[in-house]
Every structure is written in C-alpha cells, then in structure tokens.
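K.L.:
Before I ask anything, let me first share the structure, which is written out below as structure tokens.
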Amino acid sequence: MPFELEQSLEILEKLVNTPSPSGYTADVMKLAASYLAESGAELTKTNKGAVIATFRGEDDSKSRLITAHVDTLGAIVKEIKPSGRLKLDKIGGFNWNAAEGEYCTVHTADGRKIRGTILMHQTTVHVYRDSGKAERSSDNIEVRLDERTGSADATRALGIEVGDFVSFDPRFERSGGYIKSRHLDDKASTALLLELAARLKETSEKLPHTLHLYISNNEEIGFGGNASVPDGTVEYIAFDMGAIGDGQSSDEYTVSICVKDSSGPYHYGLTRHLADLCKNDGIPHKLDIYPYYGSDASAAIRAGFDVRHALFGPGIESSHALERTHTDSLEAAARLLRAYILSPLAED
C-alpha cells in the first residue's frame, strides 16, 4: 500500500491552520470528516463530536481501532481587565513561556475573529524592572488586542466576552526535511491517518480485520477516546506523538513505540507485535517510556473497555511548544500503520 508524503503534508498544513483548541473543534472535525467521506468509509459521529470511519475487513467479529486527535492546546478568556486586555485560562497542559510572544486569535460567540498577541504584562523593559524575572503565570500573561481599546467596556463592544476561545498561530513551515509548527501533537498523526484512508479506497488489498479510524476531539483534556468504542474492538491503538528529550530514546527520524507512560505499561503482546513488525519490515523505530504523558488509549482502559492497548507515532521535538519533526519520522510512522492494519491480531 503506497504512502503519499506530499498529500500528507498538504493535509497537515490545512489541519494546523484550522484553529481547534479543545472545546472549539467543530471546524476541524468538519475538515477531517470531509477527507474521510471521500474514502468511502462508513462514518459515525459521536455525541462528543468525534468521527469514526469504518473499513470492513475479512473478519468483522474482531476489529481494531486507531485513534488520533485534532484538538490542541489553547486558551479561553478568563477576565476582561480594566485596561481592556484579556486574562487567560489554559486549555491543555503547557507552560506559559511556550506561548509568550505568540500571535493569537480570539473567537467571539458571534463569529468574529479578533487578532492579538500573548504577552507578559511586564513586557516593557524600560518600565518594569522585573520584566525578565516576573513569573510567567496567568496573573501576568495577557492578550494585547489589535484594536483601539483601553477599557473593559471598549473590549466588550468588540464582541469579546468571558468564555471566548483563543487559538495560537501555528506558524507551519517546511525547512528542508523538517516540519515546524505548533500543534503537530496530534495533527501530524491525524494527517497520516487521513492519507491512509485515501489509500484504503484505492487499494485492492483486503484488510484481515475490520478497521475503525477514530478522530478524537478532546484528548488534550483527557477524555477524547474513552467512549463510543465500537463493539467487537479488541485492539486499540493511540496514534500520537513520541516524546523527545533527555533520557528518551525517541527522535525525529523514526517511529516511536511507547512501552509505558504515566498511566502504566501498555499491553505487552500488542506492543511487541508492533516492534516485531518494524523489525521484520526494516522500519526505523525506537521503544520508549513517556514519563508525563497519557493517551486516548489509556483513557479507554480507565473507562473500562476490555481491549489491548498500545501507543505509537512520529517523534515530536519540543512538545506543547514550538514543535518539530522530520519527514523520515512521518514516513516511518506511516509504514508501521500499513504493516499493522495488514497483520494478524497480536498474541496475548
């Protein structure tokens, strides 16, 4: 089954340029659903807004599910300050220094998109002596709007109110073989799943087991794929980013297979099955442990689903900040996807 890198990158760029902080995902879910609809799959929309695409295999009694998520980090308006600037509350787990200085968009309830910049209140070094030392916290971080406003009333007159979502500019860029952008977690994996769906329509290869592609929209807040798992699912794969840093084996050039994260070990048999597929097919891969990480697969286990669960995906540098990966990692992850869906079920 071929892999189209350029198509994957085109899909990825569209995904990252569609704002989708957790809780504000309707537009990106429509985009994802449009790609899945073109594949001819059976589509189901959950009450939480996720989309499941089903491809029937030779054995429909035991199926596998692969999930990736399109919701991202972001923020929500907590308070409109007397100055007219905005105090924020985080959506998802990140440090404020990772968003400081970023351009952003405020999405109002009436559909307006108002631009701004996320800054420290004490940014001006000519005025604030503690500019560099002040804590990067929700008390000090604020949005400077690109509008003439100097009061809370003037800001409200723009249509902005508490509860409006704030998205961060992704800054997608291709630099040689590297892909730099916010929100590669987990839109890089989602793009690969959507490209896979397109290839499934074209291929004559028959899947050994029914396959469900589950595009989740609440993963960053912990419960994207913990419900609506189709009956008959025995294997549940979270297709999500590999964490890179000190002490990690994951890198930007291979597919990362997670053995354990903060939720505990993943299913031994299924994890070994993935590693064996890589070894047999010569797919560059690394086994790793992610110490401060949880996935939709682990959320499904917590919710009580009786499935074998595993986690793999492309290696992403500087997660939850200005992220980067390489096309080699995307290709390795895509190769493992294909090998997996064409393989027999894992042994216990």
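Here's how to read the names in the structure tokens: chain A, B, ... by the order shown, residue numbers from 1 in each chain, ligand numbers from 1 in the order shown.
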How close does each residue of region 268-340 of chain A get to region 96-108 of chain A, giving the shortest atom pair and distance in Å to one decimal for every residue with an atom at most 12 Å away, counting only C-alpha atoms, sorted by chain and residue number, as CSV?
P.N.:
```
residue,atom,partner,partner_atom,distance
A:Ser318,CA,A:Ala98,CA,9.6
A:Ser319,CA,A:Ala98,CA,9.8
A:His320,CA,A:Ala98,CA,7.5
A:Ala321,CA,A:Ala98,CA,5.0
A:Leu322,CA,A:Ala98,CA,7.3
A:Glu323,CA,A:Ala98,CA,10.3
```
K.L.:
Okay, now the selection with N, CA, C and O atoms, as an mmCIF file, in the first residue's frame?
P.N.:
```cif
data_model
loop_
_atom_site.group_PDB
_atom_site.id
_atom_site.type_symbol
_atom_site.label_atom_id
_atom_site.label_comp_id
_atom_site.auth_asym_id
_atom_site.auth_seq_id
_atom_site.Cartn_x
_atom_site.Cartn_y
_atom_site.Cartn_z
ATOM 1 N N SER A 318 10.165 19.180 21.270
ATOM 2 C CA SER A 318 9.607 20.352 21.987
ATOM 3 C C SER A 318 8.088 20.309 22.061
ATOM 4 O O SER A 318 7.399 21.266 21.683
ATOM 5 N N SER A 319 7.567 19.185 22.581
ATOM 6 C CA SER A 319 6.126 19.025 22.638
ATOM 7 C C SER A 319 5.459 20.105 23.477
ATOM 8 O O SER A 319 6.013 20.597 24.452
ATOM 9 N N HIS A 320 4.255 20.490 23.034
ATOM 10 C CA HIS A 320 3.434 21.514 23.670
ATOM 11 C C HIS A 320 4.094 22.887 23.640
ATOM 12 O O HIS A 320 3.822 23.736 24.486
ATOM 13 N N ALA A 321 4.952 23.081 22.643
ATOM 14 C CA ALA A 321 5.578 24.397 22.434
ATOM 15 C C ALA A 321 5.737 24.573 20.924
ATOM 16 O O ALA A 321 4.808 24.285 20.174
ATOM 17 N N LEU A 322 6.908 25.026 20.484
ATOM 18 C CA LEU A 322 7.180 25.170 19.054
ATOM 19 C C LEU A 322 7.734 23.832 18.559
ATOM 20 O O LEU A 322 8.937 23.598 18.609
ATOM 21 N N GLU A 323 6.854 22.997 18.071
ATOM 22 C CA GLU A 323 7.174 21.607 17.803
ATOM 23 C C GLU A 323 7.850 21.432 16.441
ATOM 24 O O GLU A 323 7.731 22.272 15.543
#
```
K.L.:
Considering only C-alpha atoms, give me a table of residues in region 145-176 of chain A that are at most 10 Å from region 326-329 of chain A, with the closest atom pair and distance in Å for each, as JSON lines.
P.N.:
```
{"residue": "A:Arg174", "atom": "CA", "partner": "A:His326", "partner_atom": "CA", "distance": 9.4}
{"residue": "A:Ser175", "atom": "CA", "partner": "A:His326", "partner_atom": "CA", "distance": 9.3}
{"residue": "A:Gly176", "atom": "CA", "partner": "A:His326", "partner_atom": "CA", "distance": 8.9}
```
K.L.:
DSSP on the backbone: which residues in region 235-330 of chain A end up as helix (DSSP H, G or I)? Give the answer as a list in words.
P.N.:
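Of region 235-330 of chain A, only Tyr268, Gly269, Leu270, Thr271, Arg272, His273, Leu274, Ala275, Asp276, Leu277, Cys278, Lys279, Asn280, Asp281, Asp296, Ala297, Ser298, Ala299, Ala300, Ile301, Arg302, Thr327, Asp328, Ser329 and Leu330 of chain A fall in helix (DSSP H, G or I).
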K.L.:
Among region 12-125 of chain A, which ones does DSSP assign to strand (DSSP E or B) (computed from the backbone)? Answer as JSON, numbers by chain.
P.N.:
{"A": [21, 42, 43, 44, 45, 51, 52, 53, 54, 55, 59, 60, 61, 62, 63, 64, 65, 66, 67, 68, 69, 72, 74, 75, 76, 77, 78, 79, 80, 86, 87, 88, 89, 90, 91, 103, 104, 105, 106, 107, 113, 114, 115, 116, 117, 118, 119, 120]}
K.L.:
Taking only C-alpha atoms into account, which of A:Leu330, A:Leu345, A:Leu277, A:Ala198 comes nearest Glu235 (chain A)?
P.N.:
A:Leu345
K.L.:
Counting only C-alpha atoms, which of A:Leu158, A:Leu193, A:Leu213, A:Ile257 gets nearest to Arg272 (chain A)?
P.N.:
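With only C-alpha atoms as the atom set, the closest residue is A:Ile257.
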K.L.:
Show which residues sit within 9 Å of Phe3 (chain A), as a PyMOL selection string. Count only C-alpha atoms, and ignore same-chain residues fewer than 6 positions away.
P.N.:
chain A and resi 195-196+199+331+334-335+338
K.L.:
Near Arg136 (chain A), counting only C-alpha atoms, which residues have an atom at most 12 Å away, once you skip same-chain residues fewer than 3 positions from it, shown as a list in words?
P.N.:
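Near neighbours after the sequence-gap exclusion: Phe94, Asn95, Trp96, Asn97, Ala98, Ala99, Glu100, Gly101, Ile118, Leu119, Met120, His121, Gln122, Thr123, Asp130, Ser131, Gly132, Lys133, Asp139, Asn140, Ile141 and Glu142 of chain A.
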K.L.:
Near Gly313 (chain A), within 12 Å and counting only C-alpha atoms, which residues show up once chain neighbours fewer than 2 positions away are dropped, as number ranges by chain?
P.N.:
A: 66-68, 184-193, 237-244, 250-258, 274, 284-288, 295, 310-311, 315-316, 325, 329-337
K.L.:
Save the residues we just selected, C-alpha atoms, as a PDB file, in the first residue's frame?
P.N.:
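Result file is again13.pdb:
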```pdb
ATOM      1  CA  ILE A  66      -6.712   3.505  15.633  1.00  0.00           C
ATOM      2  CA  THR A  67      -7.286   6.962  17.069  1.00  0.00           C
ATOM      3  CA  ALA A  68      -5.601  10.320  16.537  1.00  0.00           C
ATOM      4  CA  LEU A 184       1.940  18.711  15.410  1.00  0.00           C
ATOM      5  CA  ASP A 185       0.615  16.961  18.514  1.00  0.00           C
ATOM      6  CA  ASP A 186      -1.503  15.385  17.205  1.00  0.00           C
ATOM      7  CA  LYS A 187      -2.297  16.780  13.786  1.00  0.00           C
ATOM      8  CA  ALA A 188       0.770  15.120  12.282  1.00  0.00           C
ATOM      9  CA  SER A 189      -0.640  11.693  13.172  1.00  0.00           C
ATOM     10  CA  THR A 190      -4.134  12.731  12.089  1.00  0.00           C
ATOM     11  CA  ALA A 191      -2.830  13.763   8.673  1.00  0.00           C
ATOM     12  CA  LEU A 192      -1.222  10.334   8.280  1.00  0.00           C
ATOM     13  CA  LEU A 193      -4.493   8.620   9.224  1.00  0.00           C
ATOM     14  CA  ILE A 237      -4.056   1.990  19.112  1.00  0.00           C
ATOM     15  CA  ALA A 238      -3.414   5.584  20.126  1.00  0.00           C
ATOM     16  CA  PHE A 239      -1.583   7.084  17.160  1.00  0.00           C
ATOM     17  CA  ASP A 240       0.054  10.032  18.888  1.00  0.00           C
ATOM     18  CA  MET A 241       3.384  11.813  19.202  1.00  0.00           C
ATOM     19  CA  GLY A 242       6.610  10.364  20.549  1.00  0.00           C
ATOM     20  CA  ALA A 243       8.170  12.452  23.339  1.00  0.00           C
ATOM     21  CA  ILE A 244      11.761  13.612  22.818  1.00  0.00           C
ATOM     22  CA  SER A 250      12.731   8.729  20.634  1.00  0.00           C
ATOM     23  CA  ASP A 251      13.974  11.062  17.906  1.00  0.00           C
ATOM     24  CA  GLU A 252      12.679  12.980  14.886  1.00  0.00           C
ATOM     25  CA  TYR A 253      13.677  10.347  12.334  1.00  0.00           C
ATOM     26  CA  THR A 254      11.982   7.129  13.495  1.00  0.00           C
ATOM     27  CA  VAL A 255       8.599   5.931  14.696  1.00  0.00           C
ATOM     28  CA  SER A 256       8.338   5.874  18.483  1.00  0.00           C
ATOM     29  CA  ILE A 257       6.597   2.948  20.223  1.00  0.00           C
ATOM     30  CA  CYS A 258       5.614   3.678  23.820  1.00  0.00           C
ATOM     31  CA  LEU A 274       4.332  -3.513  16.716  1.00  0.00           C
ATOM     32  CA  PRO A 284      13.266   2.614  11.770  1.00  0.00           C
ATOM     33  CA  HIS A 285      11.817   2.638  15.292  1.00  0.00           C
ATOM     34  CA  LYS A 286      12.559   3.285  18.955  1.00  0.00           C
ATOM     35  CA  LEU A 287      10.959   1.854  22.084  1.00  0.00           C
ATOM     36  CA  ASP A 288      10.459   4.462  24.773  1.00  0.00           C
ATOM     37  CA  SER A 295      -3.228   8.910  25.674  1.00  0.00           C
ATOM     38  CA  ALA A 310      -0.804   0.380  22.514  1.00  0.00           C
ATOM     39  CA  LEU A 311       0.691   3.726  21.526  1.00  0.00           C
ATOM     40  CA  GLY A 315       8.762  11.679  17.173  1.00  0.00           C
ATOM     41  CA  ILE A 316       7.937  15.308  18.001  1.00  0.00           C
ATOM     42  CA  THR A 325       9.505  16.620  13.311  1.00  0.00           C
ATOM     43  CA  SER A 329       9.653  10.077  11.133  1.00  0.00           C
ATOM     44  CA  LEU A 330       6.353  10.658   9.333  1.00  0.00           C
ATOM     45  CA  GLU A 331       7.266   8.035   6.745  1.00  0.00           C
ATOM     46  CA  ALA A 332       8.340   5.507   9.397  1.00  0.00           C
ATOM     47  CA  ALA A 333       5.057   6.035  11.288  1.00  0.00           C
ATOM     48  CA  ALA A 334       3.071   5.633   8.061  1.00  0.00           C
ATOM     49  CA  ARG A 335       4.912   2.403   7.244  1.00  0.00           C
ATOM     50  CA  LEU A 336       4.111   0.951  10.659  1.00  0.00           C
ATOM     51  CA  LEU A 337       0.455   1.944  10.228  1.00  0.00           C
TER      52      LEU A 337
END
```
K.L.:
Can you tell me, as number ranges by chain, what residues are no more than 10 Å from Ala32 (chain A) when counting only C-alpha atoms, ignoring any on the same chain fewer than 3 positions away?
P.N.:
A: 11, 14-15, 27-29, 35-37, 50-51, 70, 190-191, 193-194, 215
K.L.:
Go ahead and compute the interatomic distance for CA of Gly225 (chain A) and CA of Ile341 (chain A), in Å to one decimal.
P.N.:
19.3 Å
K.L.:
Which residues are near Lys87 (chain A)? Cut-off 7 Å, only C-alpha atoms, ignore same chain within fewer than 3 positions. Put them as JSON, numbers by chain.
P.N.:
{"A": [77, 78, 79, 80, 81, 138, 141, 142, 143]}
